[in-house]
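J.: Sharing upload30.cif (mmCIF, C-alpha atoms) below.
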```
data_target
#
loop_
_atom_site.label_atom_id
_atom_site.label_comp_id
_atom_site.auth_asym_id
_atom_site.auth_seq_id
_atom_site.Cartn_x
_atom_site.Cartn_y
_atom_site.Cartn_z
CA MET A 1 6.51 -6.73 -13.84
CA LEU A 2 7.93 -8.11 -10.59
CA ARG A 3 4.61 -7.56 -8.81
CA GLY A 4 2.81 -9.52 -11.51
CA VAL A 5 5.22 -12.46 -11.40
CA THR A 6 5.17 -12.50 -7.60
CA GLY A 7 1.38 -12.30 -7.59
CA ILE A 8 1.02 -15.18 -10.05
CA LEU A 9 3.45 -17.32 -8.06
CA ALA A 10 1.62 -16.51 -4.82
CA VAL A 11 -1.73 -17.46 -6.36
CA ILE A 12 -0.41 -20.74 -7.78
CA ILE A 13 1.54 -21.80 -4.68
CA GLY A 14 -1.15 -20.61 -2.26
CA ALA A 15 -3.90 -22.41 -4.17
CA ALA A 16 -1.85 -25.61 -4.36
CA VAL A 17 -1.10 -25.51 -0.62
CA PHE A 18 -4.74 -24.75 0.17
CA VAL A 19 -6.09 -27.59 -1.98
CA TYR A 20 -3.55 -30.17 -0.77
CA PHE A 21 -3.94 -29.40 2.93
CA SER A 22 -7.72 -29.25 2.60
CA TRP A 23 -7.51 -32.72 1.09
CA ALA A 24 -5.27 -33.74 3.99
CA VAL A 25 -7.92 -32.53 6.45
CA HIS A 26 -10.42 -34.73 4.63
CA ARG A 27 -8.02 -37.68 4.73
CA ILE A 28 -7.80 -37.59 8.54
CA GLY A 29 -11.55 -37.41 8.93
CA TYR A 30 -13.64 -40.34 10.11
CA ASP A 31 -14.79 -41.40 6.63
CA ALA A 32 -11.26 -41.66 5.25
CA LEU A 33 -9.78 -43.33 8.33
CA THR A 34 -12.36 -46.12 8.28
CA GLU A 35 -12.02 -46.97 4.59
CA PRO A 36 -10.09 -50.13 3.74
CA GLY A 37 -6.53 -49.65 2.58
CA TRP A 38 -5.75 -46.60 4.73
CA PRO A 39 -2.97 -45.33 4.64
CA ARG A 40 -2.59 -45.13 0.89
CA PRO A 41 0.71 -44.38 -0.87
CA SER A 42 1.69 -41.07 -2.43
CA PRO A 43 0.15 -38.70 -3.70
CA TYR A 44 -2.24 -39.32 -0.80
CA PRO A 45 -1.05 -37.46 2.31
CA ASP A 46 -1.82 -40.46 4.53
CA ARG A 47 1.77 -41.56 5.22
CA TRP A 48 3.04 -38.18 6.36
CA LEU A 49 -0.15 -37.58 8.37
CA LEU A 50 0.46 -40.88 10.15
CA ALA A 51 4.11 -39.93 10.72
CA LEU A 52 3.07 -36.53 12.10
CA ASN A 53 0.54 -38.21 14.37
CA ASP A 54 3.26 -40.56 15.68
CA TYR A 55 5.59 -37.59 16.21
CA TYR A 56 2.99 -35.73 18.27
CA ASP A 57 2.18 -38.93 20.15
CA ALA A 58 5.85 -39.30 21.14
CA LYS A 59 6.27 -35.59 21.89
CA TYR A 60 3.27 -35.41 24.23
CA PRO A 61 3.29 -38.67 26.22
CA VAL A 62 0.79 -39.47 28.93
CA THR A 63 2.12 -38.96 32.44
CA GLY A 64 1.00 -40.80 35.51
CA PRO A 65 -1.54 -43.60 35.62
CA TYR A 66 -3.59 -42.21 32.74
CA VAL A 67 -4.47 -43.63 29.35
CA LYS A 68 -4.54 -41.55 26.19
CA LEU A 69 -7.93 -42.20 24.62
CA HIS A 70 -8.03 -39.89 21.64
CA GLY A 71 -4.45 -39.89 20.36
CA GLU A 72 -3.23 -36.77 18.65
CA LEU A 73 -5.79 -36.48 15.86
CA PRO A 74 -7.37 -33.23 17.16
CA ARG A 75 -3.93 -31.58 17.33
CA LEU A 76 -3.08 -32.95 13.89
CA MET A 77 -6.32 -31.65 12.42
CA ARG A 78 -5.68 -28.21 13.94
CA VAL A 79 -2.17 -28.01 12.48
CA VAL A 80 -3.25 -29.17 9.03
CA THR A 81 -6.23 -26.78 9.06
CA TRP A 82 -3.91 -23.88 9.94
CA ALA A 83 -1.63 -24.86 7.04
CA SER A 84 -4.64 -24.88 4.72
CA GLY A 85 -5.64 -21.45 5.98
CA ALA A 86 -2.12 -20.14 5.41
CA GLY A 87 -2.30 -21.34 1.81
CA ALA A 88 -5.60 -19.52 1.38
CA VAL A 89 -4.11 -16.31 2.80
CA VAL A 90 -1.14 -16.52 0.41
CA CYS A 91 -3.50 -17.10 -2.53
CA ILE A 92 -5.67 -14.13 -1.56
CA ALA A 93 -2.58 -11.96 -1.14
CA GLY A 94 -1.50 -12.92 -4.65
CA VAL A 95 -4.91 -12.00 -6.05
CA VAL A 96 -4.74 -8.65 -4.26
CA MET A 97 -1.25 -8.04 -5.67
CA LEU A 98 -2.53 -8.75 -9.18
CA MET A 99 -5.69 -6.67 -8.83
CA PHE A 100 -4.17 -3.68 -6.99
CA PRO A 101 -2.94 -1.75 -10.08
CA THR A 102 -6.29 -2.21 -11.84
CA VAL A 103 -8.29 -1.08 -8.83
CA LEU A 104 -5.97 1.88 -8.25
CA ARG A 105 -6.30 2.92 -11.90
CA ARG A 106 -10.10 2.73 -11.70
CA ILE A 107 -10.16 4.82 -8.52
CA ARG A 108 -7.92 7.45 -10.08
CA SER A 109 -10.05 7.61 -13.24
CA ARG A 110 -13.20 8.23 -11.21
CA ASN A 111 -11.63 11.10 -9.25
CA ARG A 112 -10.81 13.29 -12.22
CA GLY A 113 -13.40 15.87 -11.18
CA PHE A 114 -15.32 18.24 -13.40
CA ASP A 115 -14.71 21.44 -15.32
CA VAL A 116 -14.82 24.60 -13.24
CA VAL A 117 -16.99 27.27 -14.79
CA GLY A 118 -16.46 30.83 -13.59
CA PRO A 119 -19.03 33.66 -13.58
CA GLY A 120 -17.64 35.13 -16.80
CA ASP A 121 -17.86 31.80 -18.62
CA ALA A 122 -21.53 31.29 -17.73
CA ALA A 123 -22.51 34.67 -19.16
CA ALA A 124 -20.87 33.88 -22.48
CA ASN A 125 -23.10 30.88 -23.00
#
```
Kindly transcribe the structure held in the file into structure tokens.
T.:
Amino acid sequence: MLRGVTGILAVIIGAAVFVYFSWAVHRIGYDALTEPGWPRPSPYPDRWLLALNDYYDAKYPVTGPYVKLHGELPRLMRVVTWASGAGAVVCIAGVVMLMFPTVLRRIRSRNRGFDVVGPGDAAAN
């Protein structure tokens, strides 16, 4: 019972995290960044992606006489992609938790063996 509830929750939460962060990866791609009206309000992840980009920009400043040309978008894309992958792993773990008893039951039913016939039993037939 607890495994089933935990598995269902893991599938739902993992799938939601995977879908939302995959959408966030799309929203920081070139096509979305160049569209008019970016950043859009919620439920679009644009505002928090912009805030995370500004956080990374402040955390990793340029030192010396250099100029930062690319910003922090590659780092941001890597972090958001890892979060999407973590959601996929949680979803797959939930599916495995739900399917484990069924697979185990099928394996056990296949390994029942066969009837052993002794030498005296064969002569009677």
J.: Could you tell me, as JSON, numbers by chain, exactly which residues end up selected when the PyMOL selection byres ((chain A and resi 36-48) around 9) is applied to this structure?
T.: {"A": [20, 21, 23, 24, 27, 28, 32, 33, 34, 35, 49, 50, 51, 52, 53]}
J.: When distances are computed from all atoms listed in the file, which of A:Met1, A:Val62, A:Ala15, A:Leu73 shows the smallest separation from A:Ile92?
T.: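 Once distances to A:Ile92 are computed over all atoms listed in the file, the minimum belongs to A:Ala15.
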J.: Would you compute the distance between atom CA of A:Leu98 and atom CA of A:Val79? Give it in Å to one decimal.
T.: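 The value is 29.0 Å.
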J.: Please enumerate the residues selected by the PyMOL selection byres ((chain A and resi 95) around 12) when evaluated against the supplied file, formatted as a CSV table (one decimal) with C-alpha atoms, in the coordinates of the input.
T.:
```csv
chain,number,residue,atom,x,y,z
A,3,ARG,CA,4.6,-7.6,-8.8
A,4,GLY,CA,2.8,-9.5,-11.5
A,5,VAL,CA,5.2,-12.5,-11.4
A,6,THR,CA,5.2,-12.5,-7.6
A,7,GLY,CA,1.4,-12.3,-7.6
A,8,ILE,CA,1.0,-15.2,-10.0
A,9,LEU,CA,3.4,-17.3,-8.1
A,10,ALA,CA,1.6,-16.5,-4.8
A,11,VAL,CA,-1.7,-17.5,-6.4
A,12,ILE,CA,-0.4,-20.7,-7.8
A,13,ILE,CA,1.5,-21.8,-4.7
A,14,GLY,CA,-1.2,-20.6,-2.3
A,15,ALA,CA,-3.9,-22.4,-4.2
A,88,ALA,CA,-5.6,-19.5,1.4
A,89,VAL,CA,-4.1,-16.3,2.8
A,90,VAL,CA,-1.1,-16.5,0.4
A,91,CYS,CA,-3.5,-17.1,-2.5
A,92,ILE,CA,-5.7,-14.1,-1.6
A,93,ALA,CA,-2.6,-12.0,-1.1
A,94,GLY,CA,-1.5,-12.9,-4.6
A,96,VAL,CA,-4.7,-8.6,-4.3
A,97,MET,CA,-1.2,-8.0,-5.7
A,98,LEU,CA,-2.5,-8.8,-9.2
A,99,MET,CA,-5.7,-6.7,-8.8
A,100,PHE,CA,-4.2,-3.7,-7.0
A,101,PRO,CA,-2.9,-1.8,-10.1
A,102,THR,CA,-6.3,-2.2,-11.8
A,103,VAL,CA,-8.3,-1.1,-8.8
```
J.: Select, from A:Val17, A:Val67, A:Ala58, A:Val117, the residue with the minimum atom-to-atom distance to A:Trp82, counting all atoms listed in the file.
T.: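 The shortest atom-to-atom distance to A:Trp82 comes from A:Val17.
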J.: If I take atom CA of A:Tyr56 and atom CA of A:Leu76, how far is one from the other in Å, to one decimal?
T.: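 According to the coordinates, atom CA of A:Tyr56 and atom CA of A:Leu76 are separated by 8.0 Å.
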J.: Go ahead and compute the interatomic distance for atom CA of A:Pro65 and atom CA of A:Gly29, in Å to one decimal.
T.: 29.2 Å
